[in-house]
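Colleague: Structure provided below as C-alpha cells; questions to follow.
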Amino acid sequence: MPSLPTARVSLKGAKTLRRGTPWVYRTELTDAPATDTPGAVVAVVDPQGNPIGQALYARRSPLALRLLTRKGPNEEKVDDAFFIRRLEAALARRAVLPGRDGLRLVHGEADLLPGFFVDRYGQGLTVQTLSEGMDARKEMLARALVERTGASHVVCRDDASGRDFESLPREVRLLHGEGAARFTYHEGDNRFEVDLLGDMKTGAFLDQVDNHLRAGELGRGEALDCFSYHGGFALALAKHCTSVLAVEQDAKAAARIQTNAEANGRANVKVENGNAFDVLRRFDQEGRRFDTIVLDPPGLAKRREGLATALRAYHELNLRALRCLKPDGLLVTCSCSGKLDRQGFESMVLDAAADAKRPVQILERRGAGLDHPVLAGLAETEYLKALYVRAL
C-alpha cells in the first residue's frame with residue numbers, strides 16, 4: 001500500500017486527539033502533510049512520530065484535521081468502502097425511530113463522518129458538507145444514499161456560512177433526481193411541506209421535532225410562538241391551546257405557516273409577519289399576556305467573539321417573554337448557538353427571570369432528538385439547548 005502523507009501535531013494537539021476530541025486546528029499542526037489533493041486522507045503522528053490515526057486534511061481551513069480513525073493505514077484502509085460502511089452504520093442507528101419520515105440520517109462527527117449531514121423528508125434527502133474532505137466525496141455518498149434509501153431526490157444544500165470557514169464555495173443543486181424538490185413529512189399528527197431547493201437551512205429544523213411535540217403536550221391557553229419558521233411549535237401547540245399566534249419575520253416562511261395550519265385544520269393558529277423582538281416589546285408595553293410562550297431564535301452567536309452581544313439579545317428576548325407570561329405560564333426557550341454552552345444559557349435565563357421579578361420552576365432541560373446524537377469529547381455537537389420553565 002502506498003504510504004499516506006503525514007501530518008505531525010503538537011503535544012497539545014496529540015493530547016486533544018487522544019482524549020477523544022477529533023479536531024486539530026492549524027495552530028497545533030507542526031508539520032503539514034505534503035499534499036494538494038482536496039480532502040486528502042493523511043496519517044497523523046505526535047511530536048515523537050508515534051501514530052495517532054488517520055484524518056481528513058483541509059488545505060485552507062483553520063480546522064486542519066478531522067480524525068477519522070485511530071487505526072493506522074496498515075490496519076484500516078480509508079477508501080470509498082470505508083465511508084460507505086460509516087454511512088450504513090448511521091442509517092442503521094436510526095432504525096430505532098420507526099415511523100419517522102422526517103429525521104436526520106447522518107449527523108456529522110457524531111456519526112463518525114466529520115462535516116457530513118443528511119436529512120430525510122419523505123422521499124427527498126438534503127446533503128450538507130461542512131468539511132473539505134466530505135465535500136470531495138459528496139457525489140459518491142449521494143449515490144450510496146439513493147441505493148440504500150430509495151430516495152427520489154438528493155439536494156445539495158451547501159449554502160451555509162460554515163462553508164466560508166472552510167474556504168469552500170456555497171451552492172444549492174440537485175445531486176440526484178429531476179424537477180422540483182417539494183416533499184411532505186410529519187411531526188406527530190401534523191403534516192408539513194418543504195421545498196428542499198428553496199427553503200432555509202436543509203428544509204426544516206428537524207433537531208427540534210421532539211421539542212415541538214413536548215411543547216404541544218405541555219402548552220395550554222393562549223400561546224405565542226416566536227421565530228416560528230414553518231410553524232413546528234405553533235401547530236404542535238394548537239392541539240391543546242385555545243389560540244396560537246405564530247410570529248415569523250420572513251414573509252415566505254410566514255406564508256408557509258398559514259398553509260401548513262390550513263392543511264392540518266389548525267384554525268386556531270394565526271400568523272403575524274414581524275420581528276419577534278419588536279412584537280415582544282410591543283406586547284410587554286401593551287400589557288398583553290399569554291399562558292404559553294416559545295422562543296426559538298436562530299443562532300445568535302456564530303463565533304465566540306460575538307457571544308457577549310448574543311447574550312444581551314437572548315436576555316432581552318427572555319426578559320420580555322417572562323413579562324408577557326401569565327402566572328403559572330409556560331416558557332419554552334431555546335438556543336442553537338454552539339458557542340453558548342448549556343450552563344451559560346441557563347444562567348442567562350435565570351438572570352432574565354430575576355430582572356423580570358418572576359420566580360421560576362425549571363421543568364425540563366432538553367436538547368436535540370435521538371437522530372441528532374452528541375459526540376462525547378466534542379462540545380460543539382451539543383449545540384441545541386431547550387429549557388422548559390414555569391413562571392410563578
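Identifiers in the C-alpha cells: chain A, B, ... in order shown; residue index from 1 per chain; ligand index from 1 in order shown.
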Taking only C-alpha atoms into account, produce a table as a tab-separated table in which each residue of segment 66-111 of chain A with an atom at most 10 Å from an atom of segment 362-372 of chain A appears once, together with its shortest atom pair and the distance in Å to one decimal, ordered by chain and rising number.
Modeller:
residue	atom	partner	partner_atom	distance
A:Ala90	CA	A:Asp371	CA	9.5
A:Leu91	CA	A:Asp371	CA	9.9
A:Arg93	CA	A:Asp371	CA	8.3
A:Arg94	CA	A:Asp371	CA	6.5
A:Val96	CA	A:Leu370	CA	9.2
A:Leu97	CA	A:Asp371	CA	8.1
A:Leu103	CA	A:Asp371	CA	6.5
A:Arg104	CA	A:Asp371	CA	5.5
A:Leu105	CA	A:Asp371	CA	6.9
A:Val106	CA	A:Asp371	CA	8.0
A:His107	CA	A:His372	CA	6.0
A:Gly108	CA	A:His372	CA	9.2
A:Ala110	CA	A:His372	CA	8.0
A:Asp111	CA	A:His372	CA	9.2
Colleague: Kindly export the residues of the current selection with C-alpha atoms, as a compact mmCIF listing (two decimals), in the first residue's frame.
Modeller:
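As a result, selection-v7.txt now contains:
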# COMPACT_ATOMS: atom_id res chain seq x y z
CA ALA A 90 -25.53 5.77 10.67
CA LEU A 91 -28.64 4.64 8.79
CA ARG A 93 -28.81 3.63 14.14
CA ARG A 94 -32.00 5.39 13.02
CA VAL A 96 -34.84 2.59 16.46
CA LEU A 97 -37.00 5.52 15.28
CA LEU A 103 -35.35 12.95 10.53
CA ARG A 104 -31.61 13.37 10.36
CA LEU A 105 -29.93 10.29 8.87
CA VAL A 106 -26.30 11.37 9.34
CA HIS A 107 -25.10 13.81 12.00
CA GLY A 108 -21.52 14.66 11.08
CA ALA A 110 -21.33 12.22 15.99
CA ASP A 111 -21.77 9.54 13.30
Colleague: Among segment 217-252 of chain A, which ones does DSSP assign to helix (DSSP H, G or I) (computed from the backbone)? Answer as a PyMOL selection string.
Modeller: chain A and resi 217-218+232-237+251-252
Colleague: What does the distance between atom CA of Ala276 of chain A and atom CA of Gly219 of chain A come to in Å, to one decimal place?
Modeller: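 Atom CA of Gly219 of chain A lies at a distance of 19.5 Å from atom CA of Ala276 of chain A.
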Colleague: Can you tell me which residues surround Lys201 of chain A at a distance of at most 12 Å, considering only C-alpha atoms, apart from same-chain residues fewer than 3 positions away, and format the answer as a compact mmCIF listing (two decimals) with N, CA and C atoms, in the first residue's frame?
Modeller:
# COMPACT_ATOMS: atom_id res chain seq x y z
N PHE A 117 -23.72 15.86 6.73
CA PHE A 117 -25.04 15.84 7.35
C PHE A 117 -26.08 15.48 6.29
N VAL A 118 -27.02 14.61 6.67
CA VAL A 118 -28.07 14.19 5.76
C VAL A 118 -29.41 14.25 6.49
N ASP A 119 -30.39 14.93 5.88
CA ASP A 119 -31.75 14.98 6.42
C ASP A 119 -32.71 14.33 5.45
N THR A 126 -31.66 15.89 1.86
CA THR A 126 -30.74 17.01 1.70
C THR A 126 -29.39 16.60 2.27
N VAL A 127 -28.34 17.01 1.58
CA VAL A 127 -26.96 16.73 1.99
C VAL A 127 -26.27 18.06 2.23
N GLN A 128 -25.55 18.14 3.35
CA GLN A 128 -24.78 19.34 3.66
C GLN A 128 -23.37 18.90 4.04
N VAL A 155 -30.68 16.62 -2.60
CA VAL A 155 -30.39 18.02 -2.83
C VAL A 155 -29.15 18.41 -2.04
N CYS A 156 -28.20 19.02 -2.73
CA CYS A 156 -27.01 19.57 -2.07
C CYS A 156 -27.37 20.95 -1.53
N ARG A 157 -27.36 21.09 -0.18
CA ARG A 157 -27.64 22.39 0.45
C ARG A 157 -26.37 22.93 1.09
N ASP A 158 -25.41 23.17 0.25
CA ASP A 158 -24.12 23.69 0.71
C ASP A 158 -24.08 25.21 0.59
N ASP A 159 -25.06 25.86 1.23
CA ASP A 159 -25.13 27.32 1.19
C ASP A 159 -25.03 27.93 2.58
N ALA A 160 -24.53 27.16 3.57
CA ALA A 160 -24.42 27.66 4.94
C ALA A 160 -23.12 28.42 5.14
N SER A 161 -23.11 29.29 6.16
CA SER A 161 -21.93 30.11 6.42
C SER A 161 -20.72 29.28 6.84
N GLY A 162 -20.95 28.06 7.33
CA GLY A 162 -19.84 27.18 7.69
C GLY A 162 -18.93 26.87 6.52
N VAL A 172 -26.28 25.39 -4.14
CA VAL A 172 -27.50 24.61 -3.97
C VAL A 172 -27.80 23.96 -5.31
N VAL A 194 -42.15 20.95 2.54
CA VAL A 194 -40.85 21.62 2.42
C VAL A 194 -40.43 21.67 0.96
N ASP A 195 -39.73 22.73 0.63
CA ASP A 195 -39.10 22.89 -0.68
C ASP A 195 -37.60 22.78 -0.44
N LEU A 196 -37.01 21.64 -0.77
CA LEU A 196 -35.62 21.38 -0.42
C LEU A 196 -34.64 22.24 -1.20
N LEU A 197 -35.07 22.78 -2.32
CA LEU A 197 -34.20 23.67 -3.10
C LEU A 197 -34.34 25.13 -2.70
N GLY A 198 -35.48 25.49 -2.11
CA GLY A 198 -35.76 26.89 -1.87
C GLY A 198 -35.89 27.34 -0.43
N ALA A 204 -35.98 22.12 6.95
CA ALA A 204 -36.69 22.37 8.21
C ALA A 204 -35.71 22.17 9.36
N PHE A 205 -36.20 22.39 10.57
CA PHE A 205 -35.36 22.26 11.76
C PHE A 205 -35.71 20.96 12.46
N LEU A 206 -35.20 19.87 11.92
CA LEU A 206 -35.56 18.54 12.41
C LEU A 206 -35.01 18.28 13.81
N ASP A 207 -33.98 19.03 14.22
CA ASP A 207 -33.45 18.84 15.57
C ASP A 207 -34.46 19.24 16.65
N TYR A 229 -40.82 30.08 11.98
CA TYR A 229 -40.39 29.48 10.71
C TYR A 229 -41.58 28.87 9.98
N PRO A 298 -32.93 32.01 15.75
CA PRO A 298 -31.78 31.44 15.03
C PRO A 298 -30.52 31.56 15.88
N GLY A 299 -29.45 30.92 15.45
CA GLY A 299 -28.20 31.00 16.20
C GLY A 299 -27.71 32.44 16.26
Colleague: May I ask which of the residues A:Arg220, A:Lys239, A:Lys339, A:Arg358 is the closest one to Asp291 of chain A, counting only C-alpha atoms?
Modeller: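 Of all the options, A:Arg220 lies closest to Asp291 of chain A.
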Colleague: Taking into account only C-alpha atoms, which residue in the set A:Ala142, A:Val244, A:Ala151, A:Cys226 is nearest to Leu317 of chain A?
Modeller: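 Of all the options, A:Cys226 lies closest to Leu317 of chain A.
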Colleague: Using Å and a single decimal, report how far atom CA of Ala14 of chain A sits from atom CA of Val45 of chain A.
Modeller: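 Atom CA of Ala14 of chain A lies at a distance of 7.7 Å from atom CA of Val45 of chain A.
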Colleague: What's the 12 Å shell around Lys385 of chain A, counting only C-alpha atoms, without same-chain residues fewer than 4 positions away, as a VMD selection string?
Modeller: chain A and resid 207 to 208 211 295 to 297 299 332 to 346 349 364 to 369 380 to 381
Colleague: Enter the distance from atom CA of Pro5 of chain A to atom CA of Phe165 of chain A, in Å, rounded to one decimal.
Modeller: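 One can read the atom CA of Pro5 of chain A to atom CA of Phe165 of chain A distance as 23.7 Å.
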Colleague: Measuring between only C-alpha atoms, which one of A:Pro359, A:Gly133, A:Gly102, A:Gly177 shows the shortest distance to Val42 of chain A?
Modeller: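 So, comparing all the options, the nearest one is A:Gly133.
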Colleague: Of the candidates A:Lys77, A:His176, A:Arg26, A:Arg19, which one gets nearest to Ser61 of chain A if we count only C-alpha atoms?
Modeller: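 Smallest separation from Ser61 of chain A among the options: A:Arg26.
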Colleague: Give me the residues of segment 72-145 of chain A that have any atom at most 12 Å from an atom of segment 190-193 of chain A; for each, the nearest atom pair and the distance in Å, rounded to one decimal. Use only C-alpha atoms, sort by chain and number, and format it as a Markdown table.
Modeller:
| residue | atom | partner | partner_atom | distance |
| --- | --- | --- | --- | --- |
| A:Arg100 | CA | A:Arg191 | CA | 11.8 |
| A:Asp101 | CA | A:Arg191 | CA | 10.4 |
| A:Gly102 | CA | A:Phe192 | CA | 9.5 |
| A:Tyr121 | CA | A:Glu193 | CA | 9.0 |
| A:Gly122 | CA | A:Glu193 | CA | 10.0 |
| A:Gly124 | CA | A:Glu193 | CA | 11.4 |
Colleague: List the spatial neighbours of segment 246-250 of chain A as a PyMOL selection string - criterion: any atom at most 12 Å away, only C-alpha atoms, same-chain residues fewer than 5 positions off excluded.
Modeller: chain A and resi 199-200+222-238+255-258+260-261+268-280+292-298
Colleague: Write out as a list in words each polymer residue whose atoms come within 7 Å of segment 27-32 of chain A, counting only C-alpha atoms; drop sequence neighbours fewer than 2 positions from it.
Modeller: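 Surrounding residues, per the criterion: Ala7, Arg8, Val9, Ser10, Gly13, Val24, Tyr25 and Ala34 of chain A.
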